[in-house]
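Taking it in order: structure first as structure tokens, then the write-up.
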Amino acid sequence: MTASDDPAAPPDGGVVGGVVGGVVGALEEHLLGETPWLTQRQVAERAGVPLATANELWHLLGFAHVPDDEAAFTTADVRALQLTSDLIRLGILSQERQDGLVRTWGRSFARLADWQVALLASVAAEVGADPTEGLLAISDEALPRVQELQSYVWRRHLLSAGSRLLAERSAGPSATRAVCFVDIVGYTSRSRTLTDRELVSWLESFESTVLGLTVDRGGRIIKNIGDELLIVADSAEAMADIALELTRRGADPADPFPAVRAGIAYGEVVTRLGDVFGPVVNIAARLTSVARPNSVLVDLGTYAALTGRPDDEGDDADEHTGAYRFRRLRRISVKGYSRLKVWVLQATTPH
């Protein structure tokens, strides 16, 4: 076999390409258990799954198209298809559930893998190792531990999600939740003054702080959308405390936490694959877009839940109830919603 016939040979005999190709090959064998030797059709045949289904799952996971005659798969891929087929046969995965679950896996693990590889590469650089050879050496030690830890975290979150589900009164896919968007004020101008590394560090610090405050108060971060975080909580009180604490910290000039604004809506949402949908989510997003820096806007549902009133029965523009103070604003019209009843939420006592 000549170098040109060898699929692992470096392009045009490049030395750098050869080193990288060799490390990638070693990683393939290490992570997949063996050197890839099966084509897509062979994988599908061995798993007893139609080729079209195998290709669809591959794409839903976020992987690039592989030529039909390329040996890019291993027996691990066969096993993955067999497990998927078992779940379909058992009635766990319908076509709709299959697409949603696999797509979610692909997005989540792709992001996680990017971060983990960057972490391992930076560790290799810190110890003075060659970026390619060092990555392979460190991954050999770290990845089994990372895999075990990921499994533990996943099971813990399964327990938490299962407990919430069992506590639900409704058997349907909808539930009453407080939804909040938190947006960094001045993100665009601030990001222009930072290097890529500084920007990543700043955003990670922001998300870490919000996560700690949210979890401590009974909330959950659903996802981040650029410089914005979507948070849910089972009660309006928990969400109000989260949003007020975040804006309080953002308004403190001595606190490095950035200035933020927040919008809260409370009501019935549709939950699916860990995400939330519906008008309540949309209203929270719209309120955030019109909120002033270091302020929290709430909708009628949140106001009613915090005050115990079904509507704004009082005539006063400013009122106090328990730990909260409300300042009623003129009704606002935002995209998709006209004349929303809105209040500025403030704390009557320091958090």
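Residues are named by chain letter and number: chains run A, B, ... in the order of the structure tokens, numbers start at 1 in each chain, and ligands are numbered from 1 in the order shown.
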
For this session: Could you tell me, as a PyMOL selection string, which residues of segment 49-292 of chain A DSSP assigns to strand (DSSP E or B) when given the backbone?
Result: chain A and resi 73+174-184+219-225+228-233+260-272+275-277

For this session: Name all residues at most 12 Å from Leu81 of chain A (count only C-alpha atoms; drop same-chain ones fewer than 2 positions away) and give them as a ChimeraX atom specification.
Result: /A:40,42-51,53-58,73-79,83-88,102

Can I get the selected residues back with C-alpha atoms, as an mmCIF file, in the first residue's frame?
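Result file is out_37.cif:
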data_model
loop_
_atom_site.group_PDB
_atom_site.id
_atom_site.type_symbol
_atom_site.label_atom_id
_atom_site.label_comp_id
_atom_site.auth_asym_id
_atom_site.auth_seq_id
_atom_site.Cartn_x
_atom_site.Cartn_y
_atom_site.Cartn_z
ATOM 1 C CA GLN A 40 -22.733 3.559 7.543
ATOM 2 C CA GLN A 42 -22.482 -1.922 7.532
ATOM 3 C CA VAL A 43 -23.378 -0.323 10.875
ATOM 4 C CA ALA A 44 -27.069 -0.213 9.963
ATOM 5 C CA GLU A 45 -27.049 -3.837 8.768
ATOM 6 C CA ARG A 46 -25.343 -5.111 11.928
ATOM 7 C CA ALA A 47 -27.775 -3.156 14.127
ATOM 8 C CA GLY A 48 -30.810 -4.293 12.164
ATOM 9 C CA VAL A 49 -31.838 -0.686 11.563
ATOM 10 C CA PRO A 50 -32.777 0.848 8.181
ATOM 11 C CA LEU A 51 -29.942 2.871 6.683
ATOM 12 C CA THR A 53 -32.906 5.771 10.141
ATOM 13 C CA ALA A 54 -29.217 5.415 10.954
ATOM 14 C CA ASN A 55 -28.375 8.438 8.803
ATOM 15 C CA GLU A 56 -31.172 10.482 10.369
ATOM 16 C CA LEU A 57 -29.946 9.749 13.895
ATOM 17 C CA TRP A 58 -26.390 10.633 12.889
ATOM 18 C CA PHE A 73 -17.660 3.823 12.472
ATOM 19 C CA THR A 74 -17.026 1.128 15.063
ATOM 20 C CA THR A 75 -18.952 -1.522 16.950
ATOM 21 C CA ALA A 76 -19.810 1.219 19.480
ATOM 22 C CA ASP A 77 -21.950 2.841 16.776
ATOM 23 C CA VAL A 78 -23.631 -0.512 16.138
ATOM 24 C CA ARG A 79 -24.402 -0.826 19.841
ATOM 25 C CA LEU A 83 -29.989 0.523 22.049
ATOM 26 C CA THR A 84 -32.033 3.121 20.170
ATOM 27 C CA SER A 85 -33.945 0.349 18.409
ATOM 28 C CA ASP A 86 -34.618 -1.299 21.790
ATOM 29 C CA LEU A 87 -36.044 1.935 23.218
ATOM 30 C CA ILE A 88 -38.301 2.330 20.181
ATOM 31 C CA VAL A 102 -31.425 12.856 20.128
#

Problem set entry | Ala233 of chain A surroundings by only C-alpha atoms, 10 Å radius, close-in-sequence under 3 positions cut, as a PyMOL selection string | chain A and resi 176-180+214-215+217-221+236-240+242+266

Exercise. Nearest to Asp140 of chain A among A:Glu204, A:Glu28, A:Glu198, A:Glu245, with distances taken over only C-alpha atoms: which residue is it?
Worked result: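 Closest candidate: A:Glu28.
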
Exercise. Can you tell me, as a list in words, what residues are no more than 6 Å from segment 325-334 of chain A when counting only C-alpha atoms, ignoring any on the same chain fewer than 6 positions away?
Worked result: Ala317, Asp318, Glu319, Leu340, Lys341, Val342, Trp343, Val344, Leu345, Gln346, Ala347 and Thr348 of chain A

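When only C-alpha atoms are used to measure the gap to Val276 of chain A, the shortest distance among A:Thr349, A:Ser338, A:Ser139, A:Ser174 belongs to A:Ser174.
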
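For the pair atom CA of Ala265 of chain A and atom CA of Val298 of chain A, the separation is 5.9 Å.
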
For this session: Determine which residues of segment 78-235 of chain A receive a DSSP assignment of helix (DSSP H, G or I), computed from the backbone, and state them as JSON, numbers by chain.
Result: {"A": [78, 79, 80, 81, 82, 83, 84, 85, 86, 87, 88, 89, 95, 96, 97, 98, 99, 100, 101, 102, 103, 104, 105, 106, 107, 108, 109, 110, 111, 112, 113, 114, 115, 116, 117, 118, 119, 120, 121, 122, 123, 124, 125, 126, 131, 132, 133, 134, 135, 136, 137, 138, 139, 140, 141, 142, 143, 144, 145, 146, 147, 148, 149, 150, 151, 152, 153, 154, 155, 156, 157, 158, 159, 160, 161, 162, 163, 164, 165, 166, 167, 187, 188, 189, 190, 191, 192, 196, 197, 198, 199, 200, 201, 202, 203, 204, 205, 206, 207, 208, 209, 210, 211, 212, 213, 214, 215, 216]}

Could you name the residues that touch Val280 of chain A at 7 Å or less, counting only C-alpha atoms, but leaving out those on the same chain fewer than 3 positions away, as a compact mmCIF listing (two decimals) with all heavy atoms, in the first residue's frame?
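Okay, result18.txt is ready:
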# COMPACT_ATOMS: atom_id res chain seq x y z
N ALA A 265 -42.64 36.63 34.52
CA ALA A 265 -44.05 36.33 34.24
C ALA A 265 -44.39 35.02 34.95
O ALA A 265 -43.54 34.15 35.10
CB ALA A 265 -44.30 36.22 32.74
N TYR A 266 -45.64 34.90 35.37
CA TYR A 266 -46.05 33.73 36.14
C TYR A 266 -47.33 33.18 35.56
O TYR A 266 -48.29 33.90 35.30
CB TYR A 266 -46.26 34.12 37.61
CG TYR A 266 -46.65 32.98 38.51
CD1 TYR A 266 -45.70 32.07 38.97
CD2 TYR A 266 -47.98 32.81 38.93
CE1 TYR A 266 -46.05 31.03 39.82
CE2 TYR A 266 -48.34 31.77 39.77
CZ TYR A 266 -47.37 30.88 40.22
OH TYR A 266 -47.71 29.84 41.04
N GLY A 267 -47.35 31.86 35.36
CA GLY A 267 -48.54 31.22 34.82
C GLY A 267 -48.21 29.86 34.27
O GLY A 267 -47.17 29.26 34.57
N GLU A 268 -49.08 29.35 33.43
CA GLU A 268 -48.93 28.00 32.89
C GLU A 268 -47.97 27.99 31.71
O GLU A 268 -48.08 28.80 30.79
CB GLU A 268 -50.28 27.45 32.45
CG GLU A 268 -50.26 25.97 32.10
CD GLU A 268 -51.64 25.41 31.83
OE1 GLU A 268 -52.08 25.49 30.67
OE2 GLU A 268 -52.28 24.92 32.77
N VAL A 269 -47.01 27.07 31.76
CA VAL A 269 -46.05 26.91 30.67
C VAL A 269 -46.08 25.45 30.23
O VAL A 269 -46.48 24.56 30.98
CB VAL A 269 -44.62 27.28 31.11
CG1 VAL A 269 -44.54 28.73 31.52
CG2 VAL A 269 -44.12 26.37 32.23
N ILE A 283 -43.87 36.61 27.38
CA ILE A 283 -44.10 37.84 28.13
C ILE A 283 -42.88 38.20 28.98
O ILE A 283 -42.47 39.36 29.05
CB ILE A 283 -45.36 37.72 29.00
CG1 ILE A 283 -46.62 37.68 28.11
CG2 ILE A 283 -45.46 38.87 30.00
CD1 ILE A 283 -47.89 37.38 28.86
N ALA A 284 -42.29 37.20 29.63
CA ALA A 284 -41.09 37.46 30.44
C ALA A 284 -39.97 38.04 29.57
O ALA A 284 -39.27 38.98 29.97
CB ALA A 284 -40.62 36.18 31.12

Exercise. Leaving out Phe181 of chain A and any residue of its chain fewer than 3 positions from it, which residues lie within 8 Å of it when counting only C-alpha atoms, given as a PyMOL selection string?
Worked result: chain A and resi 228-231+262-264+284-285+288

Problem set entry | Separation of atom CA of Val146 of chain A from atom CA of Val123 of chain A in Å | 14.6 Å
